[in-house]
Amino acid sequence: MMDGCPGSRMQDFRKKDTEAEEENVKRQSQLRQWPIQLHLVSPEAPYYRKADVLLSADCVAFAIGDFHKDYLKGKSIAIACPKLDEGQDEYVEKIKSWIDDAQINTLTVMTMQVPCCGGLVAMVQQALQSGKKKIPVKSIVVSLQGDILSEEWI
Amino acid sequence: MEKYLIAPIKEIITKFPEVGRILEEYNIGCVPCTLGSCLLKDIVAIHNIPLEQELNLMYRLEKTIYPDRVVKKSVFKKAAKKTNAKEINYSPPIKRLVDEHILIKKWIELIPVIIENINNESGDSRQLILDGLDFIRFYADKFHHAKEEDILFEYTDKNSDIIKTILQDHESARSHVRATSEALKRGNRNLIAEHLNAYKELLKEHIKKEDEILYPWIDRDLSTTQVGELFAKFNEAEVKIDKETIEKCKSFIKELKQRIENLKIKKEEVK
C-alpha cells in the first residue's frame, strides 16, 4: 500500500485527549522581535547581533506545546518552510550574514520529522561551508505530535 | 553516490525514473510529490525502514544510477545508519578538545617503542625525546590543557572532585615532563624510561576520563549560550597561539613513526 509523502500525508491526532492538561495560567509570549519570517527579516537587525538564534521550520511552533517557554525564550528567531518557500538562495545568504556580519553566538535549527524539513538544515550547512566564520549549530527534530526526536550539535 | 545522497529527490527521479519506482516498492511515495525538494539521504533515513531493507534499497538505487559499477551492499552500512547510539554528541567547543586528544594519543601510543630504543650515545635518540617533551609542553599543555584550565573549567564548580582530580593529573603530567627532562640531562636511561612510562599511563587514563566522563558531564550543564561563548573564547585563545608551533607539533607526530624506525635501524647497525 502506498502511504505517500510523509510531509503531506493526512493524519488525525484527535484521540490524544488534552483535557487533563487544562491549565488556567496565561503564558507570556517570549517573542522579542518583529518580523520573524526569514524573507522579511534583516540579518543585521540589532536583535540578531551576537544573539542565540533560533531558525524554526514553520510547523514547529504549532507542534510543540511549550515552544515559547522551552525553545524561544532568550533567543532571536526566524521561521521558514524549506518545502514551500521560494527564493531559498536568499535564505542561505541571510544565514551566512547572521554568522559573518551579525556574529551570532549560536544557531539552533528546529525542524519537523518529515523529510522535506531536512532542507532547512542543509541550507544552514551550505551557509556555514561558504561563510568566513564557524559557530556552534544545533539541530532539533520534532515529531508530528510535538515530541523531541533528536537534539544534537552538528 | 555521495552526490546523489545530497541531491533533491525530484532531480534524481527525473534523471532516473526507475529510482521512483524502486522507492514506491518500499512505500516511499516521492513520485507524486510536486516539489520533490527532500534529499535522498533524508528520505531514506526518515522512513526508518529495517536495516536489511535499507541496505537492499540503497544497493538497488546505486545499481540503477551506476549500472556499470560493481556495488557491494556492505558499503552502505555506515551511511545507512548515520548515528551510533553509543557515540557521544559533544558540543562543538568540547568536540575540539576531544579532537586534540587524538594527536596526543598518537604520541603516547608510541612511547613504549621510544623507550625500547633509548640510546644515551645517540644524538638522534636524545633529540627525539627532547622534541617529544616540547610537543607535550606546547601542544598538550600550553595549547590543550590551558584551554581547559583557563577557559572551560570557569564554567564548572572548581571544588568538585572531578575537576580537582583532573587538575591534579595535569600537575602530575607536568612533573613527569620535568623529571624526564632532568633525567635526559643526566643521561639516566632508567629514569627517562620510568617517567615517560608513568606519563603514558597517566595520560592514557586521563584522556579516557575526560572524553567519557568529564566532557559529557560539563556538556550536560552548559546552556546553548554558554556553548557559543566557549566556542568564541577558544577561538580567541587559539588566535594568540603561535600557528607555526602548532604545525610543528602536527609534523612531529606525522614523522614520529619514521624517526623511530630510523632509530631502530641505527641501533641494529651498531650491534
# chains A, B, ... in the order shown; residues from 1 in each chain; ligands from 1
call {"tool": "interface_residues", "arguments": {"of": "chain B", "to": "chain A", "cutoff": "7 Å", "atoms": "only C-alpha atoms", "output": "list of chain:residue names"}}
result
B:Asn27, B:Ile28, B:Gly29, B:Cys30, B:Cys33, B:Ser37, B:Cys38, B:Asp42, B:Ile43, B:Ile46, B:Asn89, B:Ser91, B:Pro92, B:Thr225, B:Gly228, B:Glu229
call {"tool": "write_last_selection", "arguments": {"atoms": "C-alpha atoms", "output": "PDB file, in the first residue's frame"}}
result
ATOM      1  CA  ASN B  27       6.309   2.637   0.425  1.00  0.00           C
ATOM      2  CA  ILE B  28       8.301   5.807  -0.058  1.00  0.00           C
ATOM      3  CA  GLY B  29       5.886   7.924  -2.025  1.00  0.00           C
ATOM      4  CA  CYS B  30       8.029  10.616  -3.599  1.00  0.00           C
ATOM      5  CA  CYS B  33       5.192  14.909  -4.861  1.00  0.00           C
ATOM      6  CA  SER B  37      12.930  19.017  -2.610  1.00  0.00           C
ATOM      7  CA  CYS B  38      13.800  16.370   0.019  1.00  0.00           C
ATOM      8  CA  ASP B  42      16.983  12.298   4.441  1.00  0.00           C
ATOM      9  CA  ILE B  43      14.225  10.363   2.716  1.00  0.00           C
ATOM     10  CA  ILE B  46      13.378   9.360   7.914  1.00  0.00           C
ATOM     11  CA  ASN B  89      27.376  14.069  20.773  1.00  0.00           C
ATOM     12  CA  SER B  91      29.091  20.357  21.757  1.00  0.00           C
ATOM     13  CA  PRO B  92      31.446  21.955  19.183  1.00  0.00           C
ATOM     14  CA  THR B 225      24.530  30.491  25.143  1.00  0.00           C
ATOM     15  CA  GLY B 228      28.576  29.729  21.930  1.00  0.00           C
ATOM     16  CA  GLU B 229      30.665  31.751  24.427  1.00  0.00           C
TER      17      GLU B 229
END
call {"tool": "residues_around", "arguments": {"residues": "Lys105 of chain B", "least_positions_apart": "5", "cutoff": "9 Å", "atoms": "only C-alpha atoms", "output": "list in words"}}
result
Glu100, Leu110, Leu203, Lys204 and Ile207 of chain B
call {"tool": "select_by_dssp", "arguments": {"residues": "segment 27-210 of chain B", "states": "helix (DSSP H, G or I)", "output": "PyMOL selection string"}}
result
chain B and resi 40-47+51-65+73-80+92-116+123-155+161-186+189-210
call {"tool": "write_last_selection", "arguments": {"atoms": "C-alpha atoms", "output": "short mmCIF file (atom, residue, chain, number, x, y, z; two decimals), in the first residue's frame"}}
result
data_model
loop_
_atom_site.label_atom_id
_atom_site.label_comp_id
_atom_site.auth_asym_id
_atom_site.auth_seq_id
_atom_site.Cartn_x
_atom_site.Cartn_y
_atom_site.Cartn_z
CA LEU B 40 17.68 11.28 -0.90
CA LYS B 41 19.66 10.58 2.31
CA ASP B 42 16.98 12.30 4.44
CA ILE B 43 14.22 10.36 2.72
CA VAL B 44 15.92 7.04 3.40
CA ALA B 45 16.77 7.93 7.00
CA ILE B 46 13.38 9.36 7.91
CA HIS B 47 11.39 6.37 6.69
CA LEU B 51 18.33 -2.05 8.17
CA GLU B 52 18.35 -5.06 5.87
CA GLN B 53 15.72 -3.50 3.65
CA GLU B 54 17.51 -0.18 3.77
CA LEU B 55 20.76 -1.77 2.62
CA ASN B 56 18.95 -3.54 -0.16
CA LEU B 57 17.21 -0.34 -1.20
CA MET B 58 20.47 1.61 -1.28
CA TYR B 59 22.12 -1.18 -3.24
CA ARG B 60 19.35 -1.12 -5.85
CA LEU B 61 19.41 2.67 -6.09
CA GLU B 62 23.12 2.75 -6.68
CA LYS B 63 22.92 -0.04 -9.26
CA THR B 64 20.19 1.93 -11.05
CA ILE B 65 22.19 5.14 -11.06
CA LYS B 73 25.86 -3.91 -0.16
CA SER B 74 28.05 -3.65 2.93
CA VAL B 75 29.48 -0.36 1.70
CA PHE B 76 26.25 1.30 2.75
CA LYS B 77 26.25 0.08 6.34
CA LYS B 78 27.85 3.22 7.66
CA ALA B 79 25.88 5.61 5.51
CA ALA B 80 22.60 3.86 6.21
CA PRO B 92 31.45 21.96 19.18
CA PRO B 93 33.92 23.52 21.66
CA ILE B 94 34.13 20.29 23.66
CA LYS B 95 34.48 18.30 20.43
CA ARG B 96 37.52 20.42 19.64
CA LEU B 97 39.17 19.26 22.87
CA VAL B 98 38.28 15.64 22.11
CA ASP B 99 39.86 16.01 18.65
CA GLU B 100 43.04 17.44 20.17
CA HIS B 101 43.29 14.27 22.25
CA ILE B 102 43.67 12.27 19.03
CA LEU B 103 47.11 13.80 18.37
CA ILE B 104 48.17 13.39 22.00
CA LYS B 105 47.06 9.74 21.93
CA LYS B 106 49.22 9.10 18.87
CA TRP B 107 52.22 10.32 20.84
CA ILE B 108 51.53 8.29 23.97
CA GLU B 109 50.86 5.12 21.95
CA LEU B 110 54.42 5.33 20.64
CA ILE B 111 56.09 5.96 23.99
CA PRO B 112 56.79 2.22 24.69
CA VAL B 113 58.67 1.80 21.42
CA ILE B 114 60.55 5.05 22.06
CA ILE B 115 61.57 3.73 25.48
CA GLU B 116 62.77 0.47 23.89
CA GLY B 123 72.09 12.21 19.41
CA ASP B 124 69.02 11.23 17.36
CA SER B 125 67.51 9.33 20.29
CA ARG B 126 68.10 12.26 22.63
CA GLN B 127 66.65 14.72 20.10
CA LEU B 128 63.55 12.59 19.62
CA ILE B 129 62.84 12.69 23.36
CA LEU B 130 63.56 16.42 23.53
CA ASP B 131 61.10 17.00 20.66
CA GLY B 132 58.56 14.78 22.42
CA LEU B 133 58.87 16.86 25.56
CA ASP B 134 58.45 20.03 23.51
CA PHE B 135 55.32 18.51 21.97
CA ILE B 136 53.91 17.84 25.44
CA ARG B 137 54.84 21.26 26.77
CA PHE B 138 53.39 23.13 23.85
CA TYR B 139 50.56 21.07 22.37
CA ALA B 140 49.31 19.01 25.30
CA ASP B 141 49.94 21.63 27.95
CA LYS B 142 50.01 25.19 26.57
CA PHE B 143 47.55 24.61 23.74
CA HIS B 144 45.21 21.97 25.16
CA HIS B 145 45.36 21.98 28.98
CA ALA B 146 45.46 25.77 29.09
CA LYS B 147 42.12 25.93 27.25
CA GLU B 148 40.69 23.62 29.86
CA GLU B 149 42.18 25.34 32.89
CA ASP B 150 41.83 28.98 31.83
CA ILE B 151 38.52 28.79 30.00
CA LEU B 152 36.49 25.58 30.26
CA PHE B 153 36.82 25.00 34.00
CA GLU B 154 35.50 28.51 34.65
CA TYR B 155 32.13 27.04 33.68
CA ASP B 161 36.09 16.15 42.93
CA ILE B 162 36.30 15.53 39.24
CA ILE B 163 37.85 18.94 38.50
CA LYS B 164 40.29 18.53 41.38
CA THR B 165 41.31 15.13 40.01
CA ILE B 166 41.79 16.47 36.50
CA LEU B 167 43.88 19.41 37.75
CA GLN B 168 45.96 17.01 39.81
CA ASP B 169 46.52 14.87 36.69
CA HIS B 170 47.76 17.95 34.83
CA GLU B 171 50.21 18.73 37.64
CA SER B 172 51.44 15.14 37.75
CA ALA B 173 51.94 15.16 33.98
CA ARG B 174 53.98 18.38 34.23
CA SER B 175 56.08 16.87 36.98
CA HIS B 176 56.84 13.77 34.85
CA VAL B 177 57.88 16.04 31.99
CA ARG B 178 60.25 17.96 34.30
CA ALA B 179 61.66 14.70 35.68
CA THR B 180 62.17 13.25 32.18
CA SER B 181 63.97 16.41 31.16
CA GLU B 182 66.25 16.21 34.21
CA ALA B 183 66.95 12.52 33.61
CA LEU B 184 67.79 13.30 30.00
CA LYS B 185 70.32 15.93 31.09
CA ARG B 186 71.97 13.36 33.36
CA ARG B 189 68.22 5.87 30.81
CA ASN B 190 66.22 4.13 33.53
CA LEU B 191 64.81 7.34 34.92
CA ILE B 192 63.88 8.60 31.45
CA ALA B 193 62.03 5.34 30.81
CA GLU B 194 60.37 5.40 34.22
CA HIS B 195 58.97 8.92 33.86
CA LEU B 196 57.98 8.59 30.22
CA ASN B 197 56.17 5.40 31.07
CA ALA B 198 54.42 6.96 34.05
CA TYR B 199 53.42 9.88 31.84
CA LYS B 200 51.99 7.49 29.27
CA GLU B 201 49.94 5.56 31.85
CA LEU B 202 48.68 8.77 33.42
CA LEU B 203 47.66 10.41 30.15
CA LYS B 204 46.00 7.28 28.80
CA GLU B 205 43.65 7.16 31.77
CA HIS B 206 43.33 10.94 31.90
CA ILE B 207 42.14 11.22 28.30
CA LYS B 208 39.65 8.39 28.79
CA LYS B 209 38.35 10.11 31.92
CA GLU B 210 37.94 13.40 30.10
#
call {"tool": "residues_around", "arguments": {"residues": "segment 62-65 of chain A", "least_positions_apart": "6", "cutoff": "9 Å", "atoms": "only C-alpha atoms", "output": "PyMOL selection string"}}
result
chain A and resi 112+142-148
call {"tool": "residues_around", "arguments": {"residues": "Val41 of chain A", "least_positions_apart": "3", "cutoff": "12 Å", "atoms": "only C-alpha atoms", "output": "PyMOL selection string"}}
result
chain A and resi 33-38+44-48+55+76-80+90-91+94-95+97-98
call {"tool": "closest_residue", "arguments": {"among": "A:Lys133, A:Leu31, A:Glu23, A:Ile140", "to": "Asp101 of chain A", "atoms": "only C-alpha atoms"}}
result
A:Lys133
call {"tool": "atom_distance", "arguments": {"atom1": "atom CA of Tyr71 of chain A", "atom2": "atom CA of Ala57 of chain A"}}
result
12.8 Å
call {"tool": "residues_around", "arguments": {"residues": "Met123 of chain A", "least_positions_apart": "3", "cutoff": "6 Å", "atoms": "only C-alpha atoms", "output": "PyMOL selection string"}}
result
chain A and resi 92+120+126
call {"tool": "atom_distance", "arguments": {"atom1": "atom CA of Gln11 of chain A", "atom2": "atom CA of Val19 of chain B"}}
result
26.6 Å
call {"tool": "atom_distance", "arguments": {"atom1": "atom CA of Val71 of chain B", "atom2": "atom CA of Val31 of chain B"}}
result
25.0 Å
call {"tool": "select_by_dssp", "arguments": {"residues": "chain A", "states": "strand (DSSP E)", "output": "PDB file with C-alpha atoms, in the first residue's frame"}}
result
ATOM      1  CA  ASP A  52      21.486  32.898  20.128  1.00  0.00           C
ATOM      2  CA  VAL A  53      19.308  32.496  17.048  1.00  0.00           C
ATOM      3  CA  LEU A  54      16.520  30.006  16.517  1.00  0.00           C
ATOM      4  CA  LEU A  55      15.727  29.100  12.916  1.00  0.00           C
ATOM      5  CA  SER A  56      12.482  27.206  13.037  1.00  0.00           C
ATOM      6  CA  ALA A  57      10.503  25.421  10.368  1.00  0.00           C
ATOM      7  CA  SER A  76      16.006  35.697  18.397  1.00  0.00           C
ATOM      8  CA  ILE A  77      14.024  33.859  15.787  1.00  0.00           C
ATOM      9  CA  ALA A  78      13.314  33.444  12.093  1.00  0.00           C
ATOM     10  CA  ILE A  79      10.896  30.995  10.526  1.00  0.00           C
ATOM     11  CA  ALA A  80      10.877  29.379   7.090  1.00  0.00           C
ATOM     12  CA  THR A 106      24.828  30.058  18.228  1.00  0.00           C
ATOM     13  CA  LEU A 107      22.235  28.827  15.754  1.00  0.00           C
ATOM     14  CA  THR A 108      19.562  26.292  16.681  1.00  0.00           C
ATOM     15  CA  VAL A 109      17.638  24.768  13.780  1.00  0.00           C
ATOM     16  CA  MET A 110      14.288  23.234  14.643  1.00  0.00           C
ATOM     17  CA  THR A 111      12.614  21.033  12.054  1.00  0.00           C
ATOM     18  CA  MET A 112       9.765  18.576  11.857  1.00  0.00           C
ATOM     19  CA  VAL A 137      24.882  24.805  15.319  1.00  0.00           C
ATOM     20  CA  LYS A 138      22.332  22.564  16.971  1.00  0.00           C
ATOM     21  CA  SER A 139      19.665  20.569  15.162  1.00  0.00           C
ATOM     22  CA  ILE A 140      16.442  19.643  16.956  1.00  0.00           C
ATOM     23  CA  VAL A 141      13.974  17.350  15.219  1.00  0.00           C
ATOM     24  CA  VAL A 142      10.355  17.371  16.371  1.00  0.00           C
ATOM     25  CA  ILE A 148      11.681  15.828  20.580  1.00  0.00           C
ATOM     26  CA  LEU A 149      13.100  13.038  18.432  1.00  0.00           C
ATOM     27  CA  SER A 150      16.690  14.211  18.454  1.00  0.00           C
ATOM     28  CA  GLU A 151      18.743  17.119  19.671  1.00  0.00           C
ATOM     29  CA  GLU A 152      22.335  17.254  18.561  1.00  0.00           C
ATOM     30  CA  TRP A 153      25.194  19.573  17.685  1.00  0.00           C
TER      31      TRP A 153
END
